[in-house]
Each structure stands twice: as structure tokens, then as C-alpha cells.
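A.B. asks: Please read through the structure below; I'll follow up with questions.
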Amino acid sequence: MAEARVIKKYTNRRLYDATASRHVTLEDLRKLIVGGEKIKVVDDKSGEDLTRQILLQIIAEQEQFGTPVLSTEVLEAIVRFYGNPVQEVFTRYIEQSLGGIMQQQRVMQDEMTRALKTPMAPLAELARQNMELWAQMQASMLSSVTPAPSASPTEPGEAGKRRKR
């Protein structure tokens, strides 16, 4: 697995990406994550891992705009699970569910990419199948129209012998 990009959080609450040598915003971090990067946010002075706090801030920011992913009912259910004996089961369930959704999304993206690279491939396959059906139909029609070989001799030599007699 790729190394997580380390982001330092200073006491003035600014975030610094040492890899890119620049200050970043929560939106910048969101874009990195959407792009597939792993991040690790650490406190500049103590070295404490602040990744979860920053990820929760990013989620809270995203939930304010547009259609939220986490409805009020879902958030209430999550709150109820804290301290509940099944909290660990709930956590694993969410992780596995999201993993499954992400896997389906990757498969769908791969299929779309393949279709866009060769947009004529589905049409070519359809044309091939149609040609096979057409060939089968022609063979079937020709076999019903073509006379079956007869039992009488048709070789020129035999016919010629009969005429001479």
C-alpha cells in the first residue's frame, strides 16, 4: 500500500503539505483523497495523529452542501451505536459495505473505460452475432430448397452407355 501523504497542522490551525511545499485547505485535502491519495495529518509540535479529526471536518463541510450522504436518521443511528456492545460489529459492517460499494464502482468505471476506448466493440459483437444468425438461416433455407441426391446414376458415362444401347 502507498505511503500516506503527511500533512502538518500548526497551532494557528493552518495545514501544510510538505510533499507539495504549500499550505492546504480542507478542500485541497478532500481533492487529494478523492484522487486516491492517503493522508495522515499530524500535529506539528506533539506529532499527535489528527487524521480522524480532519476527516470528520471534511465530512461535516461536505454534508452542509447539496444532498447529504448522512441523513439525520443515519446520524442518529450512529450516535446510538457509540458505547453500545455492537459498536465494533457496526464499524466492521460499515467498512465492509463501503468496501463493496467502492469495488462495484471500480468495476463499473473499468467497464465504462473499456467501452469508451473501443466504442464500436459492442456494435461489432452485435454485427458478428447477426452474421452468424444470417448464415444459419441461409444454410437452413438452402438445405430445404436444394434437392436431395437421387439414387439414379447421373454420371455422364452411365447415361452415355444407355443412349448407345
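Identifiers for the C-alpha cells are assigned positionally: chains receive A, B, ... in sequence, residues are indexed from 1 per chain, and ligands are indexed from 1 in the order shown.
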Quick one: DSSP alpha helix (DSSP H) residues in range 32-154 of chain A, as an NGL selection string?

C.D. replies: :A and (32-34 or 51-63 or 72-81 or 87-117 or 121-145)

A.B. asks: Out of A:Val86, A:Ile58, A:Met137, A:Leu50, which residue has the shortest atom-to-atom distance to Val34 in chain A when counting only C-alpha atoms?

C.D. replies: A:Ile58

A.B. asks: Out of range 8-163 of chain A, which residues get strand (DSSP E or B) from DSSP, as an NGL selection string?

C.D. replies: :A and (8-9 or 15-17 or 22-24 or 39-43 or 49)

A.B. asks: Can you tell me which residues surround range 3-19 of chain A at a distance of at most 8 Å, considering only C-alpha atoms, apart from same-chain residues fewer than 3 positions away, and format the answer as a list in words?

C.D. replies: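 In the requested format, the answer is Arg22, His23, Val24, Thr25, Glu37, Lys38, Ile39, Lys40, Val41, Val42, Asp43, Asp44 and Lys45 of chain A.
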
A.B. asks: Which residue is closest to Thr51 in chain A? Choose from A:Gly66, A:Leu29, A:Arg106, A:Leu75 and count only C-alpha atoms.

C.D. replies: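 Comparing A:Gly66, A:Leu29, A:Arg106, A:Leu75 against Thr51 in chain A, the winner is A:Leu29.
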